[in-house]
Amino acid sequence: MSNTPRWLYLVLLAVGVFAPLLLPQIASQLAFLWIMVVFALAWDIMGGRMGYNSFGNILFFGIGCYALAVFQRDLNWGGYWVALPLGLLFGGLLASLAAVFFGVGMLGLREKYFAVGTLGLGVAAGEIAASWGYIGAGGGLSTVLMPVAGNANVYWAYIAFAVAVLTFFALKRLYAGRIGLALGAIRDDEDKAEAMGLPTTRVKTLAWAVSAFPLGVAGGIVGNMQGFIDPRDIAFAGSTYGTWMILMAILGGRGTLWGPVLGAFVFQITKELFWVYLAEWQRIALGVLIVLIVVFFPRGILGWVRERWPQRFGQRVVEAA
Amino acid sequence: MDNLNLLFQAPVLSLGLVLDGVLIGAIFALAAFGLALVWGVMGIINVSQGEFVMLGGYVTYVLAKYGLHPLATIPIAAIVLWIVGWVLYRTIVYRIVGRDMFISLLATFGISQVLSQGMNLAFGASPVTVDAGMGTLFLFDGNLTISGIRLVAFALSIVIAVTLWLFLRRSRLGQSIRATAQNPRAARILGIDVDKVYAHTFALNAAICGAAGALVAMAVIVGPTLGLIYTLRAFLIGILGGLGSVLGSLVAGIGLGAAENLFGFLAGSELQQAFTFLLLVAILVVRNWRLQRHRKYLR
Amino acid sequence: MNAPESPLLEVVGVSKSFGGVHANENVSIRVNPGEIVGLIGPNGSGKTTLFNSIVGYHPVDGGKIQFAGKEITTLRVPEIARLGLLRTFQQTRVYKQMDCVQNLQISTPAAQMTTGSLFVRVPRPVTEKAEALLDFVGMSSKRYLLAGDLSFGQQKLLEFAMALMSEPKLLLLDEPTAGINPTLINGLIDRLRRANAEFGVTLLVIEHNMRVIMNLAQRLYCLAQGKILAEGAPETVRQDPRVIEAYLGGH
């Protein structure tokens, strides 16, 4: 959708600004909604735009979780309100750095090898975190609580909203640039791109680093919001967050700008409904949902729309010029 | 590094560690061989492989609770998993054969989530084990202990592997499976019902996992979230041992088992899983570098 | 035309075998700047293998390949592409989920693809050039269609345009007319000639269609069973009894 209607932005802005005030009792769910948007957007850079299905992006989230917590614990420059943005930034950068580091080897892998390799990386990170005393090992790590009176989740909802908005516009800008085309070229035919002299390694590394950054920031937010970081169930929670980011991006429509956002909204609502009505069956139902979507609806909502109405997306025959 | 010195000072201890890993490694090889079978024949990486293994283990766990001798549950676990595999093929997997790798990866990943969460719900999050009542062998004045059930599991794994190998060589179905793996179109022209071969292959793989899982339940532990590592081990062994090679899988599986145990002893058992995952990553990367067309003169 | 000082591409004694089958044996060819050179030979004579050896898909068993005075024998595909040596494929390779203009926009010369340039929009002149090239290959009206929705012949034209977009010094074309509607072939020959004359792209062309290659090439090499059988002016090669023998006998 090249030209997004203005009302959509306004509606989302209204939700972001007023919902936490009007409905403080669901502020935590709202914060998670925006975090989900960040998850899906970040995953889609690799999985949707570039065709590299990472099963281990949770790695970057976990790094961000611990980075902020350790930053607050050991440095805490300028008190809570200065250390928070600094620490979030630090987490994002550390995650990007990790992406560059692991990218050297991993990004040479294709398809299933990349998928399985990243899966291994994500779980290994959880296992290592669970045995590293400096960050609390298996016992987890408590984080600093936000020094505010009343409902801290309202603040978190705003912070998460801001991060989601920044991520969205940064990616929109990015995709409009040449790298957007380069990602598409790699997705469609990487060998061809290589044969045409495209600097594929550089593009892939950049893409992974860009995708890692918001995940690192999101990790910091979630870790702080929860007040406690468990290595396997929060920081490197591959079977929940790690799976959801993939699911949301597919659900909304891989490789489209609004797809991940839409997917995150639909998913977050579905997930909460599943929780209400299915209780502990929720996760099973979510697994079933993955299978169903992938098998029957692999293009996702917006992908389907694009297939139905390609003209809306600018595909058209130009009459004799 | 204390443990490292200990290893050199007590060769019998190292022998014990290696041996223990070797015995377990043969079970890994079974799951790996099944993964390679499905991969080679259907072109699908079954990410839910480890969950199949766990499911097989839980079959043994439940039956043993009802008083059946654990060893007698092995064929039952295989049959139950055969049915599970068959049903999964007829409902889901047939829809993803021949489609994008992305679709089959994610669909089987979804299946793995359903299975692992389902087992979590049914049996609880904490791992369980089944006592086969085999006792322990003490050698070298008790310096070397070998768990009896692990020895039996090792022997059974070899027996199953050899049976499989013979089955694929000799039986009609085995030959159809191999023909389909080489060229599905040609197989179809020759009158082989490819869809049926796929169903049998997927079910056979599940059955292998079921048997392996029964052994795992007795020789190690099973738990709802322990499946993933078996999937990744299977993948690793398949790559190391050569896809579809029974002997290669066995050697690689045994090697992995021994390496894991040694590493676990040296670095602490809590890092043993991380070791396996990182080894997988490292081997994928190294292999890829080697496969990359380094344009050099070959000689 | 005869052996100037520095050939653009020089292949000296290249051999390549696959598991005992000698796909190329001691093959030597040279392509001078500005030429159009044809490479013919019966099926399975090793033409595509030679292309793959030149552009870096696999290591060669022996011999030497030089491009623009630089030894490229051991370089790999991306490095060679960045030197300005490109190839098209027998089976087309285009970016199927992108439209034609985008396919060209991302095919700019490697030197323009700096890290900084990745983050900015495609510059106006690049887009204009892309549209001009699409016009050149006669695909202007299709420019906003997804490449994957084009017919095989159109994808071939698009791929050709992509190659021109990245301003190669030498372009290796693997059967440019195969699968193209016969009525369009003359137009394609004309475009290949114009690409050579107007854009200064040297061409090395594998072609099965004798009529096309006789019309197009200034010099020919004939490969048979992995060896160079004959070389020279098109007429000479065509009338060489060994070439006739290879085509009729070997088939």
# chains A, B, ... in the order shown; residues from 1 in each chain; ligands from 1
>>> interface_residues(of="chain B", to="chain A", cutoff="6 Å", atoms="only C-alpha atoms", output="PyMOL selection string")
chain B and resi 103+107+110+113-114+117+274+277+281+285
>>> select_by_dssp(residues="range 186-250 of chain C", states="helix (DSSP H, G or I)", output="ChimeraX atom specification")
/C:186-198,210-216,234-239,241-250
>>> write_last_selection(atoms="N, CA and C atoms", output="compact mmCIF listing (two decimals), in the first residue's frame")
# COMPACT_ATOMS: atom_id res chain seq x y z
N ASN C 186 14.54 -11.28 -34.99
CA ASN C 186 15.28 -10.25 -35.73
C ASN C 186 15.42 -8.99 -34.91
N GLY C 187 14.35 -8.64 -34.20
CA GLY C 187 14.41 -7.48 -33.34
C GLY C 187 15.47 -7.64 -32.26
N LEU C 188 15.57 -8.85 -31.76
CA LEU C 188 16.54 -9.10 -30.69
C LEU C 188 17.97 -9.00 -31.23
N ILE C 189 18.18 -9.58 -32.41
CA ILE C 189 19.52 -9.48 -33.02
C ILE C 189 19.90 -8.02 -33.16
N ASP C 190 18.94 -7.24 -33.63
CA ASP C 190 19.18 -5.82 -33.82
C ASP C 190 19.56 -5.16 -32.51
N ARG C 191 18.86 -5.54 -31.42
CA ARG C 191 19.14 -4.93 -30.12
C ARG C 191 20.50 -5.34 -29.59
N LEU C 192 20.85 -6.59 -29.82
CA LEU C 192 22.17 -7.03 -29.37
C LEU C 192 23.24 -6.23 -30.10
N ARG C 193 23.05 -6.04 -31.39
CA ARG C 193 24.02 -5.26 -32.17
C ARG C 193 24.11 -3.83 -31.66
N ARG C 194 22.92 -3.26 -31.38
CA ARG C 194 22.92 -1.87 -30.91
C ARG C 194 23.57 -1.76 -29.53
N ALA C 195 23.32 -2.76 -28.69
CA ALA C 195 23.95 -2.74 -27.38
C ALA C 195 25.46 -2.74 -27.54
N ASN C 196 25.90 -3.51 -28.51
CA ASN C 196 27.34 -3.59 -28.78
C ASN C 196 27.87 -2.27 -29.32
N ALA C 197 27.13 -1.70 -30.26
CA ALA C 197 27.64 -0.50 -30.92
C ALA C 197 27.42 0.75 -30.06
N GLU C 198 26.21 0.89 -29.48
CA GLU C 198 25.89 2.13 -28.79
C GLU C 198 26.37 2.16 -27.35
N MET C 210 21.68 -21.23 -35.88
CA MET C 210 22.78 -20.89 -36.77
C MET C 210 22.53 -19.59 -37.52
N ARG C 211 21.27 -19.38 -37.90
CA ARG C 211 20.96 -18.17 -38.66
C ARG C 211 21.29 -16.94 -37.81
N VAL C 212 20.91 -17.02 -36.55
CA VAL C 212 21.16 -15.89 -35.65
C VAL C 212 22.64 -15.62 -35.51
N ILE C 213 23.36 -16.67 -35.22
CA ILE C 213 24.77 -16.46 -34.88
C ILE C 213 25.57 -16.03 -36.11
N MET C 214 25.20 -16.54 -37.30
CA MET C 214 25.90 -16.12 -38.51
C MET C 214 25.68 -14.64 -38.76
N ASN C 215 24.48 -14.17 -38.42
CA ASN C 215 24.14 -12.76 -38.61
C ASN C 215 24.82 -11.86 -37.61
N LEU C 216 24.97 -12.39 -36.42
CA LEU C 216 25.35 -11.55 -35.29
C LEU C 216 26.86 -11.48 -35.08
N PRO C 234 32.68 -16.40 -39.34
CA PRO C 234 31.51 -17.29 -39.31
C PRO C 234 31.43 -18.22 -40.51
N GLU C 235 31.62 -17.68 -41.71
CA GLU C 235 31.50 -18.51 -42.90
C GLU C 235 32.53 -19.64 -42.91
N THR C 236 33.75 -19.27 -42.54
CA THR C 236 34.83 -20.27 -42.51
C THR C 236 34.49 -21.40 -41.57
N VAL C 237 34.02 -21.01 -40.37
CA VAL C 237 33.70 -22.04 -39.38
C VAL C 237 32.56 -22.92 -39.87
N ARG C 238 31.57 -22.27 -40.47
CA ARG C 238 30.40 -23.04 -40.89
C ARG C 238 30.77 -24.05 -41.97
N GLN C 239 31.75 -23.70 -42.79
CA GLN C 239 32.07 -24.61 -43.87
C GLN C 239 33.17 -25.59 -43.51
N PRO C 241 34.80 -28.71 -42.49
CA PRO C 241 34.25 -30.07 -42.51
C PRO C 241 34.15 -30.69 -41.12
N ARG C 242 35.09 -30.35 -40.23
CA ARG C 242 35.04 -30.94 -38.88
C ARG C 242 33.80 -30.45 -38.13
N VAL C 243 33.45 -29.17 -38.35
CA VAL C 243 32.26 -28.63 -37.67
C VAL C 243 31.01 -29.32 -38.19
N ILE C 244 30.95 -29.47 -39.51
CA ILE C 244 29.79 -30.14 -40.11
C ILE C 244 29.69 -31.56 -39.57
N GLU C 245 30.85 -32.20 -39.51
CA GLU C 245 30.90 -33.57 -38.99
C GLU C 245 30.39 -33.63 -37.55
N ALA C 246 30.85 -32.67 -36.71
CA ALA C 246 30.45 -32.66 -35.30
C ALA C 246 28.94 -32.48 -35.17
N TYR C 247 28.40 -31.58 -35.97
CA TYR C 247 26.96 -31.31 -35.87
C TYR C 247 26.13 -32.46 -36.39
N LEU C 248 26.58 -33.04 -37.53
CA LEU C 248 25.77 -34.11 -38.12
C LEU C 248 26.04 -35.43 -37.44
N GLY C 249 27.34 -35.73 -37.24
CA GLY C 249 27.69 -37.02 -36.66
C GLY C 249 27.44 -37.10 -35.17
N GLY C 250 28.02 -36.13 -34.46
CA GLY C 250 27.94 -36.18 -32.99
C GLY C 250 26.55 -35.91 -32.46
>>> closest_residue(among="C:Leu171, C:Leu150, C:Leu118, C:Ala161", to="chain A", atoms="only C-alpha atoms")
C:Leu118
>>> interface_residues(of="chain C", to="chain A", cutoff="8 Å", atoms="only C-alpha atoms", output="PyMOL selection string")
chain C and resi 77-82+86-87+93-99+102-103+105-107+109-110+113+115+117-122+140-146+163+166
>>> write_last_selection(atoms="N, CA and C atoms", output="tab-separated table (two decimals), in the first residue's frame")
chain	number	residue	atom	x	y	z
C	77	VAL	N	32.16	-15.57	-8.13
C	77	VAL	CA	31.14	-14.87	-8.91
C	77	VAL	C	30.99	-13.38	-8.58
C	78	PRO	N	30.75	-13.01	-7.31
C	78	PRO	CA	30.51	-11.59	-7.06
C	78	PRO	C	31.71	-10.72	-7.40
C	79	GLU	N	32.89	-11.25	-7.12
C	79	GLU	CA	34.09	-10.45	-7.41
C	79	GLU	C	34.24	-10.22	-8.91
C	80	ILE	N	33.96	-11.27	-9.67
C	80	ILE	CA	34.09	-11.14	-11.11
C	80	ILE	C	33.02	-10.21	-11.67
C	81	ALA	N	31.80	-10.34	-11.11
C	81	ALA	CA	30.72	-9.47	-11.58
C	81	ALA	C	31.09	-8.01	-11.34
C	82	ARG	N	31.73	-7.75	-10.21
C	82	ARG	CA	32.07	-6.36	-9.91
C	82	ARG	C	33.15	-5.81	-10.84
C	86	LEU	N	29.56	-9.94	-16.82
C	86	LEU	CA	28.26	-10.47	-16.41
C	86	LEU	C	27.82	-11.56	-17.36
C	87	ARG	N	26.85	-12.34	-16.89
C	87	ARG	CA	26.28	-13.36	-17.78
C	87	ARG	C	24.76	-13.38	-17.60
C	93	ARG	N	16.72	-15.68	-15.08
C	93	ARG	CA	16.79	-15.38	-13.65
C	93	ARG	C	16.45	-13.92	-13.50
C	94	VAL	N	15.25	-13.64	-13.04
C	94	VAL	CA	14.86	-12.26	-12.75
C	94	VAL	C	14.29	-12.25	-11.34
C	95	TYR	N	14.09	-11.06	-10.78
C	95	TYR	CA	13.53	-10.96	-9.44
C	95	TYR	C	12.01	-10.98	-9.57
C	96	LYS	N	11.42	-12.14	-9.34
C	96	LYS	CA	10.05	-12.38	-9.78
C	96	LYS	C	8.99	-11.57	-9.05
C	97	GLN	N	9.24	-11.25	-7.80
C	97	GLN	CA	8.20	-10.53	-7.07
C	97	GLN	C	8.39	-9.02	-7.09
C	98	MET	N	9.29	-8.58	-7.97
C	98	MET	CA	9.47	-7.14	-8.11
C	98	MET	C	9.06	-6.74	-9.52
C	99	ASP	N	8.65	-5.46	-9.69
C	99	ASP	CA	8.24	-5.08	-11.04
C	99	ASP	C	9.47	-4.80	-11.90
C	102	GLN	N	11.78	-1.94	-10.95
C	102	GLN	CA	12.59	-2.26	-9.76
C	102	GLN	C	13.71	-3.23	-10.11
C	103	ASN	N	13.39	-4.19	-10.97
C	103	ASN	CA	14.42	-5.13	-11.41
C	103	ASN	C	15.62	-4.39	-11.98
C	105	GLN	N	16.25	-1.06	-11.45
C	105	GLN	CA	16.80	-0.09	-10.49
C	105	GLN	C	17.86	-0.72	-9.59
C	106	ILE	N	17.69	-2.00	-9.32
C	106	ILE	CA	18.64	-2.65	-8.41
C	106	ILE	C	19.80	-3.26	-9.19
C	107	SER	N	19.80	-3.10	-10.50
C	107	SER	CA	20.89	-3.68	-11.30
C	107	SER	C	21.93	-2.66	-11.72
C	109	PRO	N	25.43	-0.47	-11.74
C	109	PRO	CA	26.81	-0.98	-11.63
C	109	PRO	C	27.25	-1.12	-10.18
C	110	ALA	N	28.03	-2.13	-9.92
C	110	ALA	CA	28.42	-2.44	-8.54
C	110	ALA	C	29.09	-1.26	-7.85
C	113	MET	N	26.96	0.91	-5.73
C	113	MET	CA	26.29	0.32	-4.58
C	113	MET	C	27.11	0.47	-3.31
C	115	THR	N	27.65	1.55	0.69
C	115	THR	CA	26.77	1.35	1.84
C	115	THR	C	25.85	2.54	2.03
C	117	SER	N	24.70	4.55	-0.23
C	117	SER	CA	23.68	4.63	-1.27
C	117	SER	C	22.53	3.68	-0.99
C	118	LEU	N	22.79	2.66	-0.17
C	118	LEU	CA	21.72	1.71	0.12
C	118	LEU	C	20.58	2.37	0.89
C	119	PHE	N	20.92	3.39	1.65
C	119	PHE	CA	19.91	3.99	2.52
C	119	PHE	C	19.14	5.12	1.87
C	120	VAL	N	19.57	5.56	0.70
C	120	VAL	CA	18.83	6.65	0.07
C	120	VAL	C	17.95	6.09	-1.05
C	121	ARG	N	17.01	6.89	-1.44
C	121	ARG	CA	16.12	6.50	-2.53
C	121	ARG	C	16.90	6.34	-3.83
C	122	VAL	N	16.32	5.59	-4.73
C	122	VAL	CA	16.95	5.43	-6.03
C	122	VAL	C	16.97	6.77	-6.72
C	140	SER	N	8.28	-1.28	-22.43
C	140	SER	CA	7.85	-0.09	-21.70
C	140	SER	C	6.46	-0.25	-21.09
C	141	SER	N	5.56	-0.85	-21.85
C	141	SER	CA	4.18	-0.93	-21.35
C	141	SER	C	4.07	-1.92	-20.19
C	142	LYS	N	5.07	-2.77	-20.03
C	142	LYS	CA	5.00	-3.78	-18.97
C	142	LYS	C	5.75	-3.35	-17.72
C	143	ARG	N	6.17	-2.09	-17.69
C	143	ARG	CA	7.18	-1.77	-16.68
C	143	ARG	C	6.71	-1.88	-15.24
C	144	TYR	N	5.40	-1.79	-15.01
C	144	TYR	CA	4.95	-1.92	-13.62
C	144	TYR	C	4.34	-3.28	-13.32
C	145	LEU	N	4.61	-4.25	-14.17
C	145	LEU	CA	4.14	-5.61	-13.88
C	145	LEU	C	5.23	-6.37	-13.14
C	146	LEU	N	4.81	-7.33	-12.34
C	146	LEU	CA	5.80	-8.15	-11.65
C	146	LEU	C	6.54	-9.01	-12.67
C	163	ALA	N	21.10	-6.66	-17.48
C	163	ALA	CA	22.54	-6.76	-17.71
C	163	ALA	C	23.08	-5.45	-18.27
C	166	SER	N	23.65	-2.59	-15.75
C	166	SER	CA	24.82	-2.54	-14.88
C	166	SER	C	26.09	-2.32	-15.68
>>> atom_distance(atom1="CA of Leu81 in chain B", atom2="CA of Gly124 in chain B")
20.2 Å
>>> residues_around(residues="Ala178 in chain C", least_positions_apart="6", cutoff="10 Å", atoms="only C-alpha atoms", output="compact mmCIF listing (two decimals) with all heavy atoms, in the first residue's frame")
# COMPACT_ATOMS: atom_id res chain seq x y z
N GLN C 90 20.52 -19.43 -19.22
CA GLN C 90 19.71 -20.13 -20.20
C GLN C 90 18.24 -20.11 -19.75
O GLN C 90 17.36 -19.77 -20.50
CB GLN C 90 20.20 -21.58 -20.28
CG GLN C 90 20.28 -22.12 -21.68
CD GLN C 90 21.02 -23.44 -21.68
OE1 GLN C 90 20.50 -24.45 -21.26
NE2 GLN C 90 22.24 -23.43 -22.16
N GLN C 91 18.04 -20.53 -18.48
CA GLN C 91 16.74 -20.35 -17.86
C GLN C 91 16.79 -18.97 -17.23
O GLN C 91 17.71 -18.69 -16.50
CB GLN C 91 16.50 -21.41 -16.79
CG GLN C 91 16.48 -22.82 -17.32
CD GLN C 91 15.40 -23.02 -18.35
OE1 GLN C 91 14.28 -22.56 -18.17
NE2 GLN C 91 15.73 -23.69 -19.45
N PHE C 152 8.09 -16.11 -20.73
CA PHE C 152 9.50 -16.48 -20.73
C PHE C 152 10.33 -15.54 -21.61
O PHE C 152 11.38 -15.05 -21.20
CB PHE C 152 9.64 -17.92 -21.22
CG PHE C 152 11.05 -18.43 -21.22
CD1 PHE C 152 11.69 -18.71 -20.03
CD2 PHE C 152 11.73 -18.61 -22.41
CE1 PHE C 152 12.99 -19.17 -20.03
CE2 PHE C 152 13.04 -19.08 -22.42
CZ PHE C 152 13.66 -19.36 -21.22
N GLY C 153 9.80 -15.27 -22.80
CA GLY C 153 10.52 -14.40 -23.72
C GLY C 153 10.70 -13.01 -23.15
O GLY C 153 11.78 -12.41 -23.25
N LYS C 156 13.32 -12.90 -20.61
CA LYS C 156 14.64 -12.88 -21.24
C LYS C 156 15.04 -11.47 -21.62
O LYS C 156 16.18 -11.05 -21.41
CB LYS C 156 14.63 -13.78 -22.47
CG LYS C 156 15.03 -15.18 -22.12
CD LYS C 156 15.57 -15.90 -23.33
CE LYS C 156 16.81 -16.64 -22.89
NZ LYS C 156 16.87 -18.00 -23.37
N ILE C 185 12.82 -12.52 -33.14
CA ILE C 185 14.25 -12.78 -33.10
C ILE C 185 15.05 -11.71 -33.85
O ILE C 185 16.08 -11.24 -33.37
CB ILE C 185 14.55 -14.19 -33.64
CG1 ILE C 185 14.10 -15.21 -32.59
CG2 ILE C 185 16.02 -14.35 -33.95
CD1 ILE C 185 14.43 -16.63 -32.91
N GLU C 207 24.93 -19.74 -28.86
CA GLU C 207 23.69 -19.74 -29.62
C GLU C 207 23.56 -21.03 -30.41
O GLU C 207 24.53 -21.54 -30.97
CB GLU C 207 23.66 -18.52 -30.55
CG GLU C 207 22.38 -18.28 -31.26
CD GLU C 207 21.16 -18.27 -30.36
OE1 GLU C 207 21.02 -17.34 -29.55
OE2 GLU C 207 20.34 -19.22 -30.44
N HIS C 208 22.36 -21.55 -30.42
CA HIS C 208 22.11 -22.76 -31.20
C HIS C 208 21.59 -22.43 -32.58
O HIS C 208 21.82 -23.16 -33.53
CB HIS C 208 21.06 -23.62 -30.47
CG HIS C 208 21.67 -24.68 -29.64
ND1 HIS C 208 22.59 -25.57 -30.14
CD2 HIS C 208 21.52 -25.01 -28.35
CE1 HIS C 208 22.96 -26.39 -29.18
NE2 HIS C 208 22.34 -26.06 -28.07
N ASN C 209 20.89 -21.32 -32.65
CA ASN C 209 20.27 -20.94 -33.90
C ASN C 209 21.34 -20.42 -34.86
O ASN C 209 21.87 -19.33 -34.71
CB ASN C 209 19.23 -19.86 -33.62
CG ASN C 209 18.41 -19.53 -34.84
OD1 ASN C 209 18.90 -19.60 -35.96
ND2 ASN C 209 17.16 -19.17 -34.61
>>> select_by_dssp(residues="range 9-209 of chain C", states="strand (DSSP E or B)", output="MDAnalysis selection string")
chainID C and resid 9:18 21:31 36:40 62:67 70:71 85:87 99 121 146 170:174 202:206
>>> write_last_selection(atoms="C-alpha atoms", output="PDB file, in the first residue's frame")
ATOM      1  CA  LEU C   9      38.879 -11.812 -22.119  1.00  0.00           C
ATOM      2  CA  GLU C  10      41.514 -14.431 -22.535  1.00  0.00           C
ATOM      3  CA  VAL C  11      40.955 -18.060 -21.665  1.00  0.00           C
ATOM      4  CA  VAL C  12      44.099 -20.146 -21.893  1.00  0.00           C
ATOM      5  CA  GLY C  13      44.041 -23.919 -21.784  1.00  0.00           C
ATOM      6  CA  VAL C  14      41.131 -24.248 -19.377  1.00  0.00           C
ATOM      7  CA  SER C  15      40.078 -27.763 -18.443  1.00  0.00           C
ATOM      8  CA  LYS C  16      37.173 -28.819 -16.298  1.00  0.00           C
ATOM      9  CA  SER C  17      35.864 -32.263 -15.655  1.00  0.00           C
ATOM     10  CA  PHE C  18      32.947 -33.526 -13.616  1.00  0.00           C
ATOM     11  CA  VAL C  21      33.641 -36.511 -17.787  1.00  0.00           C
ATOM     12  CA  HIS C  22      35.784 -33.945 -19.532  1.00  0.00           C
ATOM     13  CA  ALA C  23      33.415 -31.041 -20.051  1.00  0.00           C
ATOM     14  CA  ASN C  24      36.203 -28.718 -21.164  1.00  0.00           C
ATOM     15  CA  GLU C  25      39.613 -29.824 -22.293  1.00  0.00           C
ATOM     16  CA  ASN C  26      42.381 -27.338 -22.866  1.00  0.00           C
ATOM     17  CA  VAL C  27      40.016 -24.677 -24.147  1.00  0.00           C
ATOM     18  CA  SER C  28      41.499 -21.379 -25.223  1.00  0.00           C
ATOM     19  CA  ILE C  29      39.491 -18.447 -26.500  1.00  0.00           C
ATOM     20  CA  ARG C  30      40.009 -14.735 -26.623  1.00  0.00           C
ATOM     21  CA  VAL C  31      37.558 -11.893 -26.952  1.00  0.00           C
ATOM     22  CA  ILE C  36      30.747  -9.874 -30.814  1.00  0.00           C
ATOM     23  CA  VAL C  37      32.021 -13.411 -30.547  1.00  0.00           C
ATOM     24  CA  GLY C  38      29.882 -16.491 -30.974  1.00  0.00           C
ATOM     25  CA  LEU C  39      30.291 -19.829 -29.267  1.00  0.00           C
ATOM     26  CA  ILE C  40      28.593 -22.719 -30.980  1.00  0.00           C
ATOM     27  CA  GLY C  62      43.737 -26.221 -15.043  1.00  0.00           C
ATOM     28  CA  GLY C  63      44.389 -23.245 -17.253  1.00  0.00           C
ATOM     29  CA  LYS C  64      44.134 -19.518 -16.828  1.00  0.00           C
ATOM     30  CA  ILE C  65      41.439 -16.920 -17.328  1.00  0.00           C
ATOM     31  CA  GLN C  66      42.190 -13.239 -17.664  1.00  0.00           C
ATOM     32  CA  PHE C  67      39.718 -10.406 -17.860  1.00  0.00           C
ATOM     33  CA  LYS C  70      43.498  -9.159 -14.526  1.00  0.00           C
ATOM     34  CA  GLU C  71      43.777 -12.787 -13.608  1.00  0.00           C
ATOM     35  CA  LEU C  85      31.866  -9.340 -16.473  1.00  0.00           C
ATOM     36  CA  LEU C  86      28.261 -10.468 -16.408  1.00  0.00           C
ATOM     37  CA  ARG C  87      26.282 -13.358 -17.780  1.00  0.00           C
ATOM     38  CA  ASP C  99       8.238  -5.085 -11.036  1.00  0.00           C
ATOM     39  CA  ARG C 121      16.116   6.505  -2.527  1.00  0.00           C
ATOM     40  CA  LEU C 146       5.805  -8.155 -11.650  1.00  0.00           C
ATOM     41  CA  LEU C 170      31.704  -7.957 -21.290  1.00  0.00           C
ATOM     42  CA  LEU C 171      28.395  -9.744 -21.341  1.00  0.00           C
ATOM     43  CA  LEU C 172      28.108 -13.479 -21.755  1.00  0.00           C
ATOM     44  CA  LEU C 173      24.745 -14.425 -23.213  1.00  0.00           C
ATOM     45  CA  ASP C 174      23.601 -18.011 -22.861  1.00  0.00           C
ATOM     46  CA  THR C 202      31.474  -6.630 -25.792  1.00  0.00           C
ATOM     47  CA  LEU C 203      29.429  -9.784 -26.304  1.00  0.00           C
ATOM     48  CA  LEU C 204      30.215 -13.457 -26.078  1.00  0.00           C
ATOM     49  CA  VAL C 205      27.172 -15.388 -27.187  1.00  0.00           C
ATOM     50  CA  ILE C 206      26.236 -19.053 -26.950  1.00  0.00           C
TER      51      ILE C 206
END
>>> interface_residues(of="chain C", to="chain B", cutoff="7 Å", atoms="only C-alpha atoms", output="list in words")
Tyr57, His58, Pro59, Val60, Asp61, Gly62, Thr74, Leu75 and Arg76 of chain C
>>> closest_residue(among="C:Asn32, C:Thr183, C:Gln155, C:Gln112", to="Cys100 in chain C", atoms="only C-alpha atoms")
C:Gln155
>>> atom_distance(atom1="CA of Leu133 in chain C", atom2="CA of Pro168 in chain C")
14.2 Å
>>> closest_residue(among="A:Ala164, A:Val148, A:Leu89, A:Val222", to="Leu41 in chain A", atoms="only C-alpha atoms")
A:Ala164
>>> residues_around(residues="range 72-78 of chain A", least_positions_apart="6", cutoff="12 Å", atoms="only C-alpha atoms", output="number ranges by chain")
A: 65-66, 84-88, 90-91, 134-136, 141-146, 220, 223-224
>>> residues_around(residues="range 205-213 of chain B", least_positions_apart="4", cutoff="7 Å", atoms="only C-alpha atoms", output="ChimeraX atom specification")
/B:27,30-31,34-35,38,52-57,74-75,77-79,81-82,85,201,217
